[in-house]
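Okay, structure11.txt is below, compact mmCIF, C-alpha atoms:
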# COMPACT_ATOMS: atom_id res chain seq x y z
CA ARG A 1 33.16 29.91 7.81
CA LYS A 2 30.16 27.61 8.32
CA GLU A 3 28.17 28.24 11.47
CA VAL A 4 28.37 24.57 12.49
CA GLU A 5 31.23 22.41 11.27
CA GLN A 6 31.55 18.66 11.50
CA ASP A 7 33.95 16.10 10.11
CA PRO A 8 31.84 14.47 7.40
CA GLY A 9 33.53 11.07 7.81
CA PRO A 10 32.72 8.43 6.87
CA PHE A 11 33.63 6.61 10.04
CA ASN A 12 33.68 2.84 9.53
CA VAL A 13 34.08 1.01 12.82
CA PRO A 14 33.64 -2.62 13.95
CA GLU A 15 30.82 -3.61 16.28
CA GLY A 16 31.75 -2.98 19.86
CA ALA A 17 34.11 -0.10 19.09
CA THR A 18 34.01 3.31 20.72
CA VAL A 19 33.71 6.23 18.33
CA ALA A 20 33.75 9.97 18.92
CA PHE A 21 32.42 12.80 16.78
CA ASN A 22 33.36 16.43 17.11
CA CYS A 23 31.63 19.61 16.14
CA THR A 24 32.53 23.29 16.38
CA TYR A 25 30.22 26.27 16.17
CA SER A 26 31.05 29.84 15.32
CA ASN A 27 28.44 31.90 17.15
CA SER A 28 29.27 32.35 20.82
CA ALA A 29 25.70 33.55 21.46
CA SER A 30 24.36 30.06 20.73
CA GLN A 31 22.11 28.96 23.54
CA SER A 32 21.40 25.27 23.28
CA PHE A 33 22.90 22.28 21.57
CA PHE A 34 21.71 18.94 20.30
CA TRP A 35 22.68 15.82 18.45
CA TYR A 36 20.19 14.54 15.90
CA ARG A 37 20.42 11.25 14.07
CA GLN A 38 19.38 10.77 10.44
CA ASP A 39 19.09 7.32 8.92
CA CYS A 40 19.54 6.92 5.17
CA ARG A 41 16.60 8.45 3.29
CA LYS A 42 14.76 9.22 6.53
CA GLU A 43 14.01 12.29 8.60
CA PRO A 44 16.29 13.62 11.36
CA LYS A 45 15.35 12.59 14.90
CA LEU A 46 16.57 14.01 18.18
CA LEU A 47 19.21 11.79 19.75
CA MET A 48 20.01 13.91 22.78
CA SER A 49 20.40 17.43 24.06
CA VAL A 50 23.86 18.55 25.13
CA TYR A 51 24.30 20.22 28.52
CA SER A 52 27.24 22.23 29.83
CA SER A 53 27.97 19.66 32.51
CA GLY A 54 28.01 16.83 29.97
CA ASN A 55 25.31 14.20 29.85
CA GLU A 56 24.94 10.54 29.19
CA ASP A 57 22.12 8.44 27.77
CA GLY A 58 23.01 4.76 27.83
CA ARG A 59 25.93 4.21 25.49
CA PHE A 60 25.89 7.84 24.31
CA THR A 61 27.78 10.67 26.03
CA ALA A 62 27.62 14.29 24.93
CA GLN A 63 29.98 17.05 26.02
CA LEU A 64 29.93 20.80 25.52
CA ASN A 65 32.85 23.20 25.88
CA ARG A 66 31.46 26.72 25.59
CA ALA A 67 34.88 28.37 25.86
CA SER A 68 36.17 26.42 22.84
CA GLN A 69 32.75 26.36 21.14
CA TYR A 70 33.10 22.64 20.77
CA ILE A 71 30.59 19.79 21.10
CA SER A 72 31.29 16.08 21.10
CA LEU A 73 29.39 12.81 20.97
CA LEU A 74 30.88 9.55 22.18
CA ILE A 75 29.28 6.22 21.33
CA ARG A 76 30.46 3.21 23.32
CA ASP A 77 29.98 -0.44 22.37
CA SER A 78 28.78 0.44 18.84
CA LYS A 79 25.89 -1.58 17.44
CA LEU A 80 25.01 -2.21 13.80
CA SER A 81 21.87 -0.17 14.41
CA ASP A 82 23.99 2.89 15.26
CA SER A 83 24.86 3.23 11.55
CA ALA A 84 23.46 6.62 10.53
CA THR A 85 24.44 10.24 9.99
CA TYR A 86 24.86 12.23 13.19
CA LEU A 87 23.94 15.88 12.96
CA CYS A 88 25.36 18.48 15.33
CA VAL A 89 22.72 21.14 15.92
CA VAL A 90 23.09 24.55 17.52
CA ASN A 91 20.31 26.90 18.57
CA ARG A 92 20.44 30.66 18.86
CA TRP A 93 16.83 31.45 18.06
CA GLN A 94 16.46 28.82 15.37
CA LEU A 95 18.19 25.50 14.78
CA THR A 96 21.32 25.46 12.64
CA PHE A 97 22.41 22.02 11.49
CA GLY A 98 25.87 20.76 10.67
CA SER A 99 26.22 18.72 7.51
CA GLY A 100 26.51 15.52 9.53
CA THR A 101 29.05 12.80 10.23
CA GLN A 102 28.35 9.46 8.62
CA LEU A 103 28.89 6.37 10.75
CA THR A 104 28.87 2.78 9.52
CA VAL A 105 29.22 0.03 12.12
CA LEU A 106 30.55 -3.13 10.52
CA PRO A 107 29.81 -6.71 11.66
CA ASP B 1 -0.46 7.36 14.12
CA THR B 2 2.03 9.46 12.17
CA ALA B 3 2.93 12.57 14.16
CA VAL B 4 4.09 14.76 11.27
CA SER B 5 2.99 13.74 7.81
CA GLN B 6 3.81 15.18 4.40
CA THR B 7 2.37 14.63 0.95
CA PRO B 8 3.51 13.78 -1.57
CA LYS B 9 6.52 11.67 -0.65
CA TYR B 10 8.00 11.98 -4.13
CA LEU B 11 7.47 14.73 -6.67
CA VAL B 12 8.98 14.73 -10.16
CA THR B 13 8.12 17.69 -12.32
CA GLN B 14 9.31 19.89 -15.16
CA MET B 15 11.03 23.23 -14.84
CA GLY B 16 8.61 26.10 -14.80
CA ASN B 17 5.75 24.17 -13.19
CA ASP B 18 4.01 25.15 -9.95
CA LYS B 19 3.66 22.55 -7.21
CA SER B 20 2.54 22.27 -3.59
CA ILE B 21 3.64 20.14 -0.67
CA LYS B 22 1.32 19.61 2.28
CA CYS B 23 2.21 19.06 5.91
CA GLU B 24 0.07 18.14 8.89
CA GLN B 25 0.96 17.49 12.52
CA ASN B 26 -1.27 15.84 15.10
CA LEU B 27 0.94 16.62 18.10
CA GLY B 28 -0.93 19.74 19.12
CA HIS B 29 2.21 21.81 18.56
CA ASP B 30 2.12 25.57 18.08
CA THR B 31 5.12 25.91 15.76
CA MET B 32 5.79 24.41 12.34
CA TYR B 33 8.76 24.66 10.00
CA TRP B 34 9.92 23.98 6.49
CA TYR B 35 13.50 22.86 5.91
CA LYS B 36 15.38 22.14 2.70
CA GLN B 37 18.06 19.44 2.55
CA ASP B 38 20.21 19.72 -0.57
CA SER B 39 22.41 17.15 -2.28
CA LYS B 40 25.28 17.98 0.11
CA LYS B 41 22.95 17.01 2.99
CA PHE B 42 22.85 20.47 4.54
CA LEU B 43 19.55 20.97 6.30
CA LYS B 44 18.54 24.64 6.23
CA ILE B 45 15.50 26.30 7.68
CA MET B 46 13.26 28.09 5.20
CA PHE B 47 10.22 29.19 7.19
CA SER B 48 8.74 28.95 10.63
CA TYR B 49 5.15 29.60 11.68
CA ASN B 50 3.87 29.98 15.21
CA ASN B 51 0.10 29.74 15.63
CA LYS B 52 -0.40 30.43 11.92
CA GLU B 53 1.83 33.52 11.99
CA LEU B 54 5.09 33.69 10.05
CA ILE B 55 8.02 34.16 12.45
CA ILE B 56 11.06 33.08 10.42
CA ASN B 57 11.57 33.72 6.75
CA GLU B 58 15.11 32.95 5.72
CA THR B 59 16.54 34.16 2.44
CA VAL B 60 14.28 32.12 0.24
CA PRO B 61 13.16 33.19 -3.24
CA ASN B 62 9.64 34.58 -3.24
CA ARG B 63 8.67 31.74 -5.58
CA PHE B 64 8.27 29.81 -2.32
CA SER B 65 5.11 30.72 -0.44
CA PRO B 66 4.12 28.98 2.79
CA LYS B 67 0.52 28.93 3.94
CA SER B 68 -0.79 27.92 7.33
CA PRO B 69 -4.60 27.53 7.30
CA ASP B 70 -4.51 26.43 10.95
CA LYS B 71 -1.80 25.57 13.43
CA ALA B 72 -1.85 21.87 12.49
CA HIS B 73 -1.09 22.52 8.83
CA LEU B 74 1.73 24.24 6.99
CA ASN B 75 1.76 23.93 3.22
CA LEU B 76 4.48 25.02 0.81
CA HIS B 77 3.68 26.27 -2.65
CA ILE B 78 6.47 26.67 -5.18
CA ASN B 79 6.03 28.68 -8.37
CA SER B 80 8.11 28.43 -11.54
CA LEU B 81 10.20 25.51 -10.36
CA GLU B 82 13.92 25.60 -11.17
CA LEU B 83 16.53 22.83 -11.40
CA GLY B 84 18.12 24.10 -8.19
CA ASP B 85 14.92 23.49 -6.28
CA SER B 86 15.61 19.75 -6.45
CA ALA B 87 16.10 18.67 -2.85
CA VAL B 88 14.36 16.95 0.03
CA TYR B 89 11.91 19.21 1.84
CA PHE B 90 11.17 18.41 5.46
CA CYS B 91 8.33 19.74 7.51
CA ALA B 92 8.77 19.81 11.29
CA SER B 93 6.89 20.92 14.37
CA SER B 94 7.65 21.80 17.96
CA GLN B 95 5.64 22.79 21.02
CA ALA B 96 6.98 26.35 20.97
CA SER B 97 9.25 28.54 18.87
CA GLY B 98 12.77 29.65 19.81
CA GLY B 99 14.58 26.40 19.06
CA GLN B 100 14.69 25.08 22.63
CA GLU B 101 11.97 22.52 22.12
CA THR B 102 12.48 19.20 20.37
CA GLN B 103 11.53 19.39 16.73
CA TYR B 104 9.71 16.44 15.16
CA PHE B 105 10.27 15.98 11.46
CA GLY B 106 8.03 14.60 8.78
CA PRO B 107 9.31 11.89 6.42
CA GLY B 108 10.34 14.38 3.75
CA THR B 109 9.24 15.15 0.20
CA ARG B 110 11.81 14.30 -2.45
CA LEU B 111 11.45 16.89 -5.21
CA LEU B 112 13.16 16.38 -8.55
CA VAL B 113 12.91 19.14 -11.14
CA LEU B 114 13.78 18.07 -14.69
Just give me the structure as structure tokens.
Amino acid sequence: RKEVEQDPGPFNVPEGATVAFNCTYSNSASQSFFWYRQDCRKEPKLLMSVYSSGNEDGRFTAQLNRASQYISLLIRDSKLSDSATYLCVVNRWQLTFGSGTQLTVLP
Amino acid sequence: DTAVSQTPKYLVTQMGNDKSIKCEQNLGHDTMYWYKQDSKKFLKIMFSYNNKELIINETVPNRFSPKSPDKAHLNLHINSLELGDSAVYFCASSQASGGQETQYFGPGTRLLVL
């Protein structure tokens, strides 16, 4: 079983839609959690950290369920510029990346 | 100014050759990393250095040898290149080790072994 699993997609959604990505992780000793974004042929960049209480950054909301070892990312009012691959990342003492979920926002 | 830079951006070479990739960060960070992203897009850590000292060495063939001349630089030398080494190699840095700090990635080096 992979340490971090994500639905690879692709998710194709119209502009303005709400889209949610899920991620599960296998190691219950994982300490911190992140979502990174990777544009085509570019480097990954931190989108947001994920806190136990859930956190929001503008149109983006991240949730963590430690009991179920489940992380989610919700994007509201999708923009064309949100098209990218979203990487779920889990930290124990080093970062472990999921393989990413590809999102395309269509005009 | 580029925070984390890598050279070269593209590298095409023959099997059996030896090549190096260079990485520099101007963020004043203490920790630097090398990651490999394969054709299936999995990003896996290879090495991590903290203040020029090796702290993470994942199961990587010993044909790969990192070198950190100072804490702003982490180079990767690869001996006897194989077809399976074809991938994108990303350098990254963070303020501290342990994974809690944000990691900043370089633009990647696309290596193709023929």
May I have the protein, DNA and RNA residues with an atom at most 7 Å from (20.1, 17.4, 17.3), counting all atoms listed in the file in the file's coordinates, returned as a PDB file with C-alpha atoms, in the coordinates of the input?
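This went into part-v8.pdb:
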ATOM      1  CA  PHE A  34      21.710  18.940  20.300  1.00  0.00           C
ATOM      2  CA  TRP A  35      22.680  15.820  18.450  1.00  0.00           C
ATOM      3  CA  TYR A  36      20.190  14.540  15.900  1.00  0.00           C
ATOM      4  CA  ARG A  37      20.420  11.250  14.070  1.00  0.00           C
ATOM      5  CA  LEU A  46      16.570  14.010  18.180  1.00  0.00           C
ATOM      6  CA  LEU A  47      19.210  11.790  19.750  1.00  0.00           C
ATOM      7  CA  MET A  48      20.010  13.910  22.780  1.00  0.00           C
ATOM      8  CA  SER A  49      20.400  17.430  24.060  1.00  0.00           C
ATOM      9  CA  LEU A  87      23.940  15.880  12.960  1.00  0.00           C
ATOM     10  CA  CYS A  88      25.360  18.480  15.330  1.00  0.00           C
ATOM     11  CA  VAL A  89      22.720  21.140  15.920  1.00  0.00           C
TER      12      VAL A  89
END
What lies within 10 Å of Tyr25 (chain A) using all atoms listed in the file, ignoring chain neighbours under 3 positions off, as a compact mmCIF listing (two decimals) with C-alpha atoms, in the frame of the given file?
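That gives us result22.txt:
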# COMPACT_ATOMS: atom_id res chain seq x y z
CA ARG A 1 33.16 29.91 7.81
CA LYS A 2 30.16 27.61 8.32
CA GLU A 3 28.17 28.24 11.47
CA VAL A 4 28.37 24.57 12.49
CA GLU A 5 31.23 22.41 11.27
CA GLN A 6 31.55 18.66 11.50
CA SER A 28 29.27 32.35 20.82
CA SER A 30 24.36 30.06 20.73
CA PHE A 33 22.90 22.28 21.57
CA ARG A 66 31.46 26.72 25.59
CA SER A 68 36.17 26.42 22.84
CA GLN A 69 32.75 26.36 21.14
CA TYR A 70 33.10 22.64 20.77
CA ILE A 71 30.59 19.79 21.10
CA CYS A 88 25.36 18.48 15.33
CA VAL A 89 22.72 21.14 15.92
CA VAL A 90 23.09 24.55 17.52
CA THR A 96 21.32 25.46 12.64
CA GLY A 98 25.87 20.76 10.67
request  = Give the residues of chain B that lie within 7 Å of chain A; count all atoms listed in the file, and format the answer as a list in words.
outcome  =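 Listed by rising number, the hits are Lys41, Phe42, Leu43, Gly98, Gly99, Gln100, Thr102, Tyr104, Phe105, Gly106, Pro107 and Gly108 of chain B.
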message = Quick check, in Å to one decimal: how far apart do CA of Thr7 (chain B) and CA of Ser86 (chain B) lie?
response =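 Atom-to-atom, CA of Thr7 (chain B) to CA of Ser86 (chain B), that is 16.0 Å.
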Nearby residues (only C-alpha atoms) at most 7 Å from Pro107 (chain A), same-chain spacing under 4 positions excluded, as an MDAnalysis selection string = chainID A and resid 14:15 80
request  = In Å, rounded to a single decimal, give me how far CA of Leu11 (chain B) is from CA of Cys23 (chain B).
outcome  =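 Computed distance, CA of Cys23 (chain B) to CA of Leu11 (chain B), equals 14.3 Å.
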ask   = Suppose you want the space between CA of Val4 (chain B) and CA of Ala92 (chain B); what is it in Å?
value = 6.9 Å
